[in-house]
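Structure file data07.txt (compact mmCIF, C-alpha atoms) is printed below.
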# COMPACT_ATOMS: atom_id res chain seq x y z
CA MET A 1 34.70 76.32 64.25
CA ASN A 2 32.11 77.38 61.67
CA VAL A 3 34.49 78.67 58.99
CA PRO A 4 31.83 80.32 56.71
CA LEU A 5 30.35 82.17 59.69
CA PHE A 6 33.80 83.27 60.88
CA LEU A 7 34.70 84.63 57.42
CA ALA A 8 31.27 86.30 57.10
CA ARG A 9 31.93 88.27 60.30
CA LYS A 10 35.19 89.51 58.82
CA VAL A 11 33.56 90.46 55.53
CA ARG A 12 30.64 92.39 57.00
CA HIS A 13 32.84 94.59 59.19
CA ALA A 14 33.88 96.80 56.28
CA PRO A 15 35.65 100.12 57.02
CA GLN A 16 33.33 103.09 57.46
CA GLY A 17 33.05 105.11 54.27
CA SER A 18 34.02 102.21 52.03
CA PHE A 19 31.90 101.16 49.09
CA SER A 20 31.02 97.87 50.80
CA ALA A 21 29.75 99.68 53.88
CA THR A 22 27.57 101.95 51.74
CA VAL A 23 26.11 99.04 49.77
CA THR A 24 25.43 97.14 52.98
CA ARG A 25 23.54 100.09 54.42
CA VAL A 26 21.48 100.32 51.23
CA GLY A 27 20.56 96.64 51.52
CA ILE A 28 19.57 96.99 55.17
CA ALA A 29 17.54 100.13 54.40
CA SER A 30 15.64 98.45 51.57
CA ILE A 31 14.62 95.52 53.78
CA ALA A 32 13.71 97.79 56.69
CA LEU A 33 11.64 100.08 54.49
CA GLY A 34 9.82 97.20 52.81
CA LEU A 35 8.97 95.50 56.11
CA ALA A 36 7.88 98.77 57.74
CA VAL A 37 5.57 99.52 54.82
CA LEU A 38 4.06 96.03 55.00
CA ILE A 39 3.48 96.24 58.76
CA VAL A 40 1.78 99.63 58.46
CA ALA A 41 -0.22 98.56 55.40
CA PHE A 42 -1.57 95.39 57.03
CA ALA A 43 -2.30 97.19 60.31
CA VAL A 44 -4.28 99.87 58.44
CA LEU A 45 -6.03 97.31 56.21
CA PHE A 46 -7.17 95.16 59.13
CA GLY A 47 -8.07 98.33 61.03
CA PHE A 48 -10.30 99.47 58.17
CA LYS A 49 -11.98 96.08 57.89
CA ASP A 50 -12.51 95.67 61.63
CA THR A 51 -13.91 99.20 62.01
CA ILE A 52 -16.29 98.87 59.07
CA ARG A 53 -17.48 95.44 60.21
CA GLN A 54 -18.05 96.77 63.71
CA LYS A 55 -20.14 99.64 62.33
CA ILE A 56 -22.14 97.28 60.11
CA PHE A 57 -22.80 94.93 63.01
CA LEU A 58 -24.26 97.80 65.05
CA PHE A 59 -27.58 97.40 63.26
CA GLY A 60 -26.94 94.47 60.94
CA ALA A 61 -26.42 91.11 62.63
CA HIS A 62 -24.32 88.37 61.07
CA LEU A 63 -27.50 86.45 60.25
CA GLN A 64 -31.11 87.57 60.21
CA VAL A 65 -34.14 85.29 60.20
CA GLY A 66 -37.57 86.63 59.26
CA LYS A 67 -40.88 85.46 57.93
CA PHE A 68 -40.79 84.48 54.27
CA THR A 69 -42.80 87.05 52.29
CA ASN A 70 -42.80 88.82 48.93
CA ASN A 71 -43.35 92.15 50.66
CA LEU A 72 -40.37 94.44 49.97
CA SER A 73 -41.43 97.22 52.33
CA TYR A 74 -40.47 97.65 55.99
CA GLU A 75 -43.83 96.25 57.10
CA GLU A 76 -42.95 92.83 58.53
CA SER A 77 -45.03 89.75 59.07
CA PRO A 78 -45.20 88.55 62.69
CA LEU A 79 -42.70 85.86 63.69
CA PRO A 80 -43.50 83.95 66.90
CA LEU A 81 -40.95 83.43 69.66
CA ASN A 82 -42.03 79.87 70.37
CA THR A 83 -40.23 78.48 67.32
CA LYS A 84 -37.68 75.65 67.46
CA LEU A 85 -34.95 78.01 66.26
CA TYR A 86 -35.50 80.61 68.98
CA GLN A 87 -36.14 78.15 71.80
CA GLU A 88 -33.00 76.10 71.00
CA ARG A 89 -30.74 79.10 70.26
CA ASP A 90 -28.33 78.22 73.07
CA GLN A 91 -27.82 74.73 71.65
CA ILE A 92 -26.79 75.81 68.14
CA PRO A 93 -23.00 75.52 67.63
CA GLY A 94 -21.33 78.81 66.74
CA ILE A 95 -24.13 81.08 67.98
CA GLN A 96 -22.93 83.81 70.32
CA HIS A 97 -26.17 85.75 70.77
CA MET A 98 -29.68 85.88 69.35
CA GLN A 99 -32.07 88.78 69.84
CA ALA A 100 -35.60 89.59 68.71
CA VAL A 101 -36.30 92.87 66.87
CA ALA A 102 -39.00 94.50 64.76
CA LEU A 103 -39.00 97.27 62.14
CA LYS A 104 -41.61 99.87 61.29
CA ALA A 105 -41.35 102.84 58.92
CA GLY A 106 -42.46 106.27 60.00
CA ILE A 107 -41.91 110.02 59.68
CA LEU A 108 -40.28 112.25 62.28
CA LYS A 109 -41.59 115.81 62.14
CA THR A 110 -40.52 118.98 63.86
CA LYS A 111 -41.85 122.49 63.38
CA ASP A 112 -39.70 123.19 60.32
CA GLU A 113 -38.29 119.81 59.24
CA LEU A 114 -39.31 116.22 58.65
CA ALA A 115 -37.39 113.00 57.94
CA GLY A 116 -38.27 109.46 57.03
CA VAL A 117 -37.11 106.89 59.57
CA VAL A 118 -37.20 103.17 60.19
CA LEU A 119 -37.88 102.52 63.86
CA LYS A 120 -36.05 99.42 65.01
CA GLY A 121 -37.80 98.04 68.05
CA VAL A 122 -35.65 96.12 70.52
CA GLY A 123 -36.25 94.40 73.83
CA ARG A 124 -34.43 93.36 76.97
CA ASP A 125 -32.37 90.77 75.10
CA TYR A 126 -30.78 93.42 72.85
CA ASN A 127 -26.98 93.75 73.07
CA TRP A 128 -26.14 97.45 73.52
CA ASP A 129 -22.34 97.09 73.73
CA LEU A 130 -21.55 98.16 70.17
CA VAL A 131 -24.19 100.90 70.21
CA ARG A 132 -22.75 102.45 73.37
CA GLU A 133 -19.35 102.74 71.65
CA SER A 134 -20.98 104.89 68.92
CA LEU A 135 -22.89 107.22 71.27
CA VAL A 136 -22.01 110.90 70.90
CA ALA A 137 -24.60 112.21 73.35
CA GLY A 138 -27.08 110.90 75.89
CA THR A 139 -27.71 107.25 76.61
CA VAL A 140 -29.50 104.22 75.16
CA PRO A 141 -33.30 103.91 75.52
CA ASP A 142 -34.81 102.08 78.46
CA VAL A 143 -36.76 99.33 76.69
CA GLY A 144 -38.56 96.15 77.62
CA ALA A 145 -40.44 97.53 80.63
CA ASP A 146 -43.87 95.94 81.14
CA THR A 147 -45.82 99.14 80.55
CA GLY A 148 -48.29 97.73 78.04
CA THR A 149 -47.80 100.52 75.50
CA GLY A 150 -44.01 100.43 75.31
CA SER A 151 -41.41 103.09 76.03
CA THR A 152 -41.40 106.27 73.93
CA GLN A 153 -37.67 106.84 74.34
CA LEU A 154 -35.76 107.17 71.06
CA LEU A 155 -32.16 106.89 69.94
CA LEU A 156 -31.43 108.96 66.83
CA SER A 157 -28.39 109.26 64.59
CA GLN A 158 -26.31 112.42 64.49
CA TYR A 159 -27.35 112.84 60.84
CA MET A 160 -31.07 112.82 61.66
CA ALA A 161 -30.58 114.99 64.74
CA ASN A 162 -28.86 117.63 62.61
CA GLN A 163 -31.51 117.36 59.91
CA LEU A 164 -34.37 117.76 62.39
CA ARG A 165 -32.44 120.24 64.58
CA VAL A 166 -33.11 118.32 67.77
CA LYS A 167 -30.94 117.38 70.73
CA VAL A 168 -31.06 115.04 73.68
CA GLY A 169 -34.13 115.73 75.81
CA ASP A 170 -36.31 117.08 72.97
CA ASN A 171 -39.71 115.59 72.14
CA VAL A 172 -40.40 114.70 68.50
CA PRO A 173 -43.70 113.43 66.98
CA LEU A 174 -43.28 110.15 65.10
CA TYR A 175 -46.04 109.44 62.55
CA PHE A 176 -46.79 105.92 61.34
CA LEU A 177 -48.64 105.45 58.06
CA GLY A 178 -51.89 103.55 58.25
CA ASN A 179 -55.60 103.88 58.06
CA PRO A 180 -55.93 106.07 59.99
CA PRO A 181 -52.34 107.39 60.49
CA ARG A 182 -51.12 107.20 64.05
CA ALA A 183 -48.60 109.32 65.93
CA ARG A 184 -46.50 108.91 69.05
CA ARG A 185 -44.64 111.61 70.91
CA MET A 186 -41.06 110.32 71.24
CA LYS A 187 -38.36 111.63 73.56
CA VAL A 188 -34.81 111.73 72.22
CA VAL A 189 -32.59 110.19 74.93
CA GLY A 190 -29.44 109.53 72.89
CA ILE A 191 -27.61 110.29 69.66
CA TYR A 192 -25.28 107.88 67.86
CA ASP A 193 -22.94 108.25 64.89
CA THR A 194 -21.61 105.34 62.80
CA GLY A 195 -20.41 107.24 59.73
CA LEU A 196 -22.30 104.78 57.49
CA GLU A 197 -24.90 106.73 55.51
CA GLU A 198 -26.96 103.59 54.89
CA VAL A 199 -27.52 103.37 58.65
CA ASP A 200 -27.40 106.98 59.85
CA LYS A 201 -29.99 108.19 57.34
CA THR A 202 -32.47 105.46 58.22
CA ILE A 203 -32.31 103.70 61.58
CA ALA A 204 -33.63 104.91 64.94
CA LEU A 205 -33.86 102.64 67.98
CA GLY A 206 -36.86 102.31 70.25
CA ASP A 207 -38.96 99.86 72.25
CA ILE A 208 -40.23 96.73 70.51
CA ARG A 209 -43.37 96.84 72.66
CA LEU A 210 -44.37 100.05 70.86
CA ILE A 211 -44.19 98.34 67.46
CA GLN A 212 -46.02 95.28 68.76
CA ARG A 213 -48.87 97.49 69.95
CA LEU A 214 -48.98 99.49 66.70
CA ASN A 215 -49.09 96.27 64.64
CA ARG A 216 -51.58 94.67 67.03
CA TRP A 217 -49.17 91.83 67.76
CA GLY A 218 -48.89 89.92 70.98
CA VAL A 219 -45.82 90.12 73.18
CA ASP A 220 -44.67 86.76 71.76
CA SER A 221 -44.52 88.07 68.14
CA VAL A 222 -41.54 89.92 66.62
CA GLY A 223 -40.34 90.97 63.19
CA SER A 224 -37.14 88.92 62.97
CA TYR A 225 -34.32 87.25 64.89
CA GLU A 226 -30.85 88.78 64.76
CA ILE A 227 -28.05 86.25 65.18
CA PHE A 228 -24.40 86.95 66.06
CA VAL A 229 -21.82 84.22 65.57
CA THR A 230 -18.66 83.46 67.54
CA ASP A 231 -16.40 83.39 64.47
CA PHE A 232 -17.27 85.46 61.42
CA GLU A 233 -14.89 83.43 59.24
CA ARG A 234 -17.08 80.35 59.89
CA LEU A 235 -20.27 82.14 58.88
CA PRO A 236 -21.26 79.72 56.06
CA GLN A 237 -20.92 76.69 58.37
CA ILE A 238 -22.91 78.33 61.18
CA GLU A 239 -25.50 79.45 58.65
CA GLY A 240 -26.08 75.78 57.87
CA ASN A 241 -26.60 75.01 61.56
CA VAL A 242 -29.23 77.74 61.77
CA PHE A 243 -30.91 76.67 58.54
CA ASP A 244 -31.41 73.14 59.85
CA ARG A 245 -33.62 74.46 62.67
CA MET A 246 -35.66 76.90 60.56
CA ALA A 247 -39.29 76.38 59.68
CA PRO A 248 -40.27 76.25 55.98
CA ASP A 249 -41.88 79.72 56.14
CA MET A 250 -38.69 81.42 57.40
CA ARG A 251 -36.11 83.31 55.37
CA LEU A 252 -32.41 83.56 56.23
CA THR A 253 -30.30 86.60 55.22
CA ARG A 254 -26.55 87.02 55.61
CA VAL A 255 -25.03 90.39 56.43
CA THR A 256 -22.67 89.97 53.47
CA ASP A 257 -25.72 89.97 51.19
CA GLN A 258 -27.47 92.78 53.04
CA TYR A 259 -24.44 95.09 52.76
CA ARG A 260 -22.84 93.59 49.64
CA PRO A 261 -21.21 96.83 48.32
CA LEU A 262 -19.24 97.31 51.54
CA PHE A 263 -18.06 93.71 51.70
CA ASP A 264 -17.15 93.77 47.99
CA TRP A 265 -15.08 96.87 48.73
CA MET A 266 -13.25 95.00 51.51
CA VAL A 267 -12.53 92.11 49.13
CA LEU A 268 -11.04 94.64 46.71
CA LEU A 269 -8.82 95.92 49.52
CA ASP A 270 -7.53 92.37 50.07
CA ARG A 271 -6.67 92.04 46.39
CA ASN A 272 -4.82 95.35 46.39
CA MET A 273 -2.87 94.22 49.44
CA VAL A 274 -1.78 91.03 47.67
CA ILE A 275 -0.49 93.12 44.76
CA LEU A 276 1.37 95.45 47.16
CA LEU A 277 2.87 92.50 49.02
CA THR A 278 4.08 90.94 45.78
CA LEU A 279 5.67 94.16 44.54
CA ILE A 280 7.47 94.86 47.82
CA ALA A 281 8.72 91.28 48.05
CA PHE A 282 10.04 91.46 44.48
CA VAL A 283 11.79 94.80 45.05
CA ALA A 284 13.34 93.68 48.36
CA SER A 285 14.56 90.41 46.83
CA PHE A 286 15.99 92.18 43.77
CA ASN A 287 17.80 94.69 45.99
CA MET A 288 19.35 91.93 48.09
CA VAL A 289 20.54 90.06 45.00
CA SER A 290 22.08 93.27 43.64
CA VAL A 291 23.75 94.11 46.95
CA LEU A 292 25.22 90.62 47.30
CA LEU A 293 26.50 90.67 43.71
CA VAL A 294 28.25 93.99 44.35
CA LEU A 295 29.82 92.65 47.54
CA MET A 296 31.06 89.55 45.72
CA MET A 297 32.51 91.62 42.89
CA GLU A 298 34.36 93.79 45.39
CA ARG A 299 35.57 90.69 47.22
CA THR A 300 36.68 88.88 44.05
CA PRO A 301 40.38 88.80 45.11
CA MET A 302 39.37 87.36 48.46
CA ILE A 303 37.28 84.68 46.72
CA GLY A 304 40.26 83.82 44.48
CA LEU A 305 42.59 83.61 47.48
CA LEU A 306 40.22 81.31 49.37
CA LYS A 307 39.93 79.06 46.32
CA ALA A 308 43.71 79.01 45.93
CA LEU A 309 44.01 77.91 49.56
CA GLY A 310 41.62 75.04 48.92
CA GLY A 311 38.33 76.59 49.97
CA PRO A 312 35.43 74.75 48.26
CA ASP A 313 32.73 76.69 46.42
CA PRO A 314 29.90 75.68 48.84
CA LEU A 315 31.87 77.09 51.79
CA ILE A 316 32.41 80.44 50.05
CA ARG A 317 28.75 80.58 48.99
CA ARG A 318 27.58 79.98 52.56
CA MET A 319 29.90 82.77 53.70
CA PHE A 320 28.11 85.30 51.49
CA VAL A 321 24.70 83.91 52.42
CA TYR A 322 25.58 84.57 56.08
CA VAL A 323 26.58 88.11 55.11
CA GLY A 324 23.20 88.57 53.47
CA LEU A 325 21.33 87.10 56.41
CA ASN A 326 23.11 89.51 58.71
CA MET A 327 21.77 92.38 56.63
CA VAL A 328 18.33 90.80 56.76
CA GLY A 329 18.52 90.63 60.56
CA TRP A 330 19.38 94.30 60.89
CA GLY A 331 16.74 95.18 58.31
CA LEU A 332 14.07 93.27 60.23
CA LEU A 333 15.04 94.92 63.49
CA ILE A 334 14.91 98.43 62.06
CA GLY A 335 11.79 97.70 60.00
CA ASN A 336 9.89 96.40 63.03
CA VAL A 337 10.90 99.38 65.15
CA VAL A 338 9.86 101.86 62.45
CA GLY A 339 6.67 100.07 61.39
CA LEU A 340 5.38 99.29 64.88
CA GLY A 341 6.42 102.75 66.06
CA LEU A 342 4.37 104.45 63.33
CA CYS A 343 1.39 102.22 64.12
CA PHE A 344 1.69 103.02 67.83
CA VAL A 345 1.78 106.77 67.18
CA GLN A 346 -1.30 106.61 64.94
CA ASP A 347 -3.19 104.29 67.28
CA ARG A 348 -2.42 106.42 70.32
CA PHE A 349 -2.59 110.00 68.99
CA LYS A 350 -4.77 109.68 65.82
CA VAL A 351 -2.43 112.00 63.88
CA ILE A 352 -3.83 111.11 60.41
CA PRO A 353 -7.51 112.15 60.07
CA LEU A 354 -10.01 110.97 57.47
CA ASP A 355 -13.18 112.35 55.96
CA PRO A 356 -15.98 110.20 57.44
CA LYS A 357 -18.18 110.89 54.40
CA ASN A 358 -15.78 108.96 52.19
CA TYR A 359 -14.11 106.52 54.59
CA TYR A 360 -16.85 105.92 57.23
CA MET A 361 -14.44 106.88 60.05
CA ASN A 362 -12.71 109.98 61.43
CA TYR A 363 -9.11 108.73 61.47
CA VAL A 364 -6.89 105.98 60.07
CA PRO A 365 -7.56 102.89 62.24
CA ILE A 366 -4.86 100.48 63.42
CA SER A 367 -5.35 96.80 64.18
CA TRP A 368 -2.66 94.90 66.11
CA ASP A 369 -2.69 91.52 64.39
CA TRP A 370 0.42 89.90 65.91
CA PRO A 371 0.19 86.60 63.97
CA THR A 372 0.29 88.57 60.72
CA ILE A 373 3.27 90.64 61.92
CA LEU A 374 5.15 87.46 62.85
CA ALA A 375 4.22 85.92 59.50
CA LEU A 376 5.59 88.97 57.67
CA ASN A 377 8.90 88.66 59.52
CA ALA A 378 9.12 84.92 58.92
CA GLY A 379 8.15 85.28 55.27
CA THR A 380 10.76 87.99 54.73
CA ILE A 381 13.51 85.82 56.23
CA LEU A 382 12.48 82.74 54.25
CA LEU A 383 12.07 84.52 50.92
CA ILE A 384 15.32 86.46 51.05
CA ALA A 385 17.25 83.46 52.40
CA LEU A 386 16.13 81.47 49.34
CA VAL A 387 16.88 84.32 46.97
CA LEU A 388 20.35 84.90 48.45
CA TRP A 389 21.57 81.55 47.08
CA LEU A 390 21.04 82.65 43.46
CA PRO A 391 23.87 85.22 43.11
CA THR A 392 26.34 83.03 45.02
CA PHE A 393 26.47 80.54 42.13
CA ILE A 394 28.58 83.06 40.24
CA ILE A 395 31.38 82.02 42.63
CA ASN A 396 31.64 78.72 40.76
CA ARG A 397 32.78 80.61 37.65
CA ILE A 398 35.50 82.63 39.36
CA GLN A 399 39.01 81.33 38.59
CA PRO A 400 41.65 81.80 41.35
CA VAL A 401 44.37 83.11 39.02
CA THR A 402 42.10 85.65 37.35
CA ALA A 403 40.56 86.71 40.68
CA ILE A 404 43.92 87.34 42.35
CA GLN A 405 45.11 89.39 39.36
CA PHE A 406 41.83 91.33 39.52
CA LYS A 407 43.17 93.06 42.63
CA LYS A 408 45.73 94.91 40.53

Let me see the structure of the file written as structure tokens.
Amino acid sequence: MNVPLFLARKVRHAPQGSFSATVTRVGIASIALGLAVLIVAFAVLFGFKDTIRQKIFLFGAHLQVGKFTNNLSYEESPLPLNTKLYQERDQIPGIQHMQAVALKAGILKTKDELAGVVLKGVGRDYNWDLVRESLVAGTVPDVGADTGTGSTQLLLSQYMANQLRVKVGDNVPLYFLGNPPRARRMKVVGIYDTGLEEVDKTIALGDIRLIQRLNRWGVDSVGSYEIFVTDFERLPQIEGNVFDRMAPDMRLTRVTDQYRPLFDWMVLLDRNMVILLTLIAFVASFNMVSVLLVLMMERTPMIGLLKALGGPDPLIRRMFVYVGLNMVGWGLLIGNVVGLGLCFVQDRFKVIPLDPKNYYMNYVPISWDWPTILALNAGTILLIALVLWLPTFIINRIQPVTAIQFKK
């Protein structure tokens, strides 16, 4: 028979309303509250990061390769498609997708309003999956058709649509600066909304054939290659694989450099989470030490009796560690139910809204990262199990005679 475990079961079944029962409930509540807060905090943090990354990757690929130039405007130099990098794109480790795009600045003008815009020309190889998730009206443009002049269908942001007072189906003149200036009559076929001002105020999507014709490029010339990787955490390594196949006149840009303020903000979120995790772990550990000390003080006569009957100090210490671990078990159970329940309610019903102007999204996002949730549970058990041994060493200083008299 496991004597410490048997005695621990007797100790933890304190009468309802007793001081021991109250202290035990406080210990369980502190663990449950700390774990629930951590689960919700990590789910919201990863939700924020995943949502913002997804919005950035709508129009900013993980890696972008263009022609090396000192020109800082949106006028690009032609980049041929018959390069080693583009032709061997399927052989590069870590590359999920590569697509050819081109940019050209212009002005959208209606009867009463006008707005500067950067037309992003895309072709048949463009991945529309993320864009479709951000559509609020209409559909994506039909691009890549062999019409010679290119499609005049246009996808605008909700911000630009409101500014120009246009809707799906309207025709809008798009003027391109040059000598002489040229104009194209574009038809709005869709409206998207990312919540990122850097994107919504600038980017409109159209046919790359239109830009090729305006720039007097051939069909085998584009502005840049957009590259998406299979694992964003391995971006530096995959960047090296891409760089090895680049020509000397090419320039490689990472999305983390292109949108540095947003990624710096996400790094700051990680640092804040580390501080929160440390504080909660310290408070939970301190509470458990205090609870166990109170239980031992209340059970001082019992400790003295066990010592008088020949019970060794390690046996009595293990008994109280088992009592503490029992509280940890109940705390983990309740904390998981509460934390995962709150996350489920928010994920399903979106009960907590956000201002998209400040947070880039309409509601608090939730990400179900099960490895992190399991790690939080395992870390809580390990940390508190180690901490629980500290107060039990006071048992070594308890004398049987004094402890038994303490009952009086």

Write out as a PDB file with C-alpha atoms, keeping the file's coordinate frame each polymer residue whose atoms come within 8 Å of Gly223 of chain A, counting only C-alpha atoms; drop sequence neighbours fewer than 5 positions from it.
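part-v3.pdb, written as the output of this step:
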ATOM      1  CA  GLY A  66     -37.570  86.630  59.260  1.00  0.00           C
ATOM      2  CA  LYS A  67     -40.880  85.460  57.930  1.00  0.00           C
ATOM      3  CA  GLU A  76     -42.950  92.830  58.530  1.00  0.00           C
ATOM      4  CA  SER A  77     -45.030  89.750  59.070  1.00  0.00           C
ATOM      5  CA  PRO A  78     -45.200  88.550  62.690  1.00  0.00           C
ATOM      6  CA  LEU A  79     -42.700  85.860  63.690  1.00  0.00           C
ATOM      7  CA  ALA A 100     -35.600  89.590  68.710  1.00  0.00           C
ATOM      8  CA  VAL A 101     -36.300  92.870  66.870  1.00  0.00           C
ATOM      9  CA  ALA A 102     -39.000  94.500  64.760  1.00  0.00           C
ATOM     10  CA  LEU A 103     -39.000  97.270  62.140  1.00  0.00           C
TER      11      LEU A 103
END

Residue neighbourhood segment 47-63 of chain A, 7 Å, all atoms listed in the file, exclusion window fewer than 2 positions, as a ChimeraX atom specification: /A:43-45,65,130-131,194,226-229,252-255,266,365-367

Write to file, as a CSV table (one decimal), keeping the file's coordinate frame, the residues of the selection just made, with C-alpha atoms.
chain,number,residue,atom,x,y,z
A,43,ALA,CA,-2.3,97.2,60.3
A,44,VAL,CA,-4.3,99.9,58.4
A,45,LEU,CA,-6.0,97.3,56.2
A,65,VAL,CA,-34.1,85.3,60.2
A,130,LEU,CA,-21.6,98.2,70.2
A,131,VAL,CA,-24.2,100.9,70.2
A,194,THR,CA,-21.6,105.3,62.8
A,226,GLU,CA,-30.8,88.8,64.8
A,227,ILE,CA,-28.0,86.2,65.2
A,228,PHE,CA,-24.4,87.0,66.1
A,229,VAL,CA,-21.8,84.2,65.6
A,252,LEU,CA,-32.4,83.6,56.2
A,253,THR,CA,-30.3,86.6,55.2
A,254,ARG,CA,-26.6,87.0,55.6
A,255,VAL,CA,-25.0,90.4,56.4
A,266,MET,CA,-13.2,95.0,51.5
A,365,PRO,CA,-7.6,102.9,62.2
A,366,ILE,CA,-4.9,100.5,63.4
A,367,SER,CA,-5.4,96.8,64.2

Contacts of Pro391 of chain A at 8 Å (all atoms listed in the file; same-chain gap of 4+ positions) as a PyMOL selection string: chain A and resi 289+292-293

Counting only C-alpha atoms, the option among A:Asn326, A:Thr110, A:Asn70, A:Thr139 closest to Leu205 of chain A: A:Thr139

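Residues in contact with Ile203 of chain A at up to 8 Å, not including ones fewer than 5 positions away on its chain and judged by all atoms listed in the file, are Val117, Val118, Leu119, Lys120, Leu156 and Ser157 of chain A.
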
Nearby residues (all atoms listed in the file) at most 9 Å from Gly331 of chain A, same-chain spacing under 3 positions excluded, as a ChimeraX atom specification: /A:27-33,35,326-328,334-336

Taking C-alpha atoms for each residue, export the selection above as a compact mmCIF listing (two decimals), in the frame of the given file.
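Full text of selection-v4.txt as output:
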# COMPACT_ATOMS: atom_id res chain seq x y z
CA GLY A 27 20.56 96.64 51.52
CA ILE A 28 19.57 96.99 55.17
CA ALA A 29 17.54 100.13 54.40
CA SER A 30 15.64 98.45 51.57
CA ILE A 31 14.62 95.52 53.78
CA ALA A 32 13.71 97.79 56.69
CA LEU A 33 11.64 100.08 54.49
CA LEU A 35 8.97 95.50 56.11
CA ASN A 326 23.11 89.51 58.71
CA MET A 327 21.77 92.38 56.63
CA VAL A 328 18.33 90.80 56.76
CA ILE A 334 14.91 98.43 62.06
CA GLY A 335 11.79 97.70 60.00
CA ASN A 336 9.89 96.40 63.03

Neighbours of point (-16.8, 82.3, 58.7) within 12 Å, using all atoms listed in the file, written as number ranges by chain: A: 62-63, 94-95, 228-240, 254-256

Among listed residues A:Ser134, A:Asn179, A:Asn82, A:Asn127, nearest Ser221 of chain A (using only C-alpha atoms): A:Asn82

Taking all atoms of segment 344-359 of chain A that appear in the file, build a box with edges along x, y and z, extend it by 3 Å on every side, and state its centre and edge lengths in Å to one decimal, as AutoDock Vina command-line options.
--center_x -8.2 --center_y 107.7 --center_z 61.3 --size_x 26.0 --size_y 15.3 --size_z 24.1

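Minimum atom-to-atom distance to Thr392 of chain A, evaluated using all atoms listed in the file, belongs to A:Asp313 out of A:Asp355, A:Asp313, A:Asp347, A:Asp207.
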
Option closest in space to Leu386 of chain A, from A:His97, A:Arg348, A:Arg318, A:Arg89 [counting only C-alpha atoms]: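 Looking only at the distances to Leu386 of chain A, the closest residue turns out to be A:Arg318.
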
d(atom CA of Phe263 of chain A, atom CA of Glu197 of chain A) in Å: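 Going from atom CA of Phe263 of chain A over to atom CA of Glu197 of chain A covers 15.2 Å.
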
For atom CA of Arg9 of chain A and atom CA of Met319 of chain A, the interatomic separation in Å (one decimal):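 Separating atom CA of Arg9 of chain A from atom CA of Met319 of chain A is a distance of 8.8 Å.
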
Gap from atom CA of Cys343 of chain A to atom CA of Ile39 of chain A - Å, one decimal: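 Computing it gives 8.3 Å between the two atoms.
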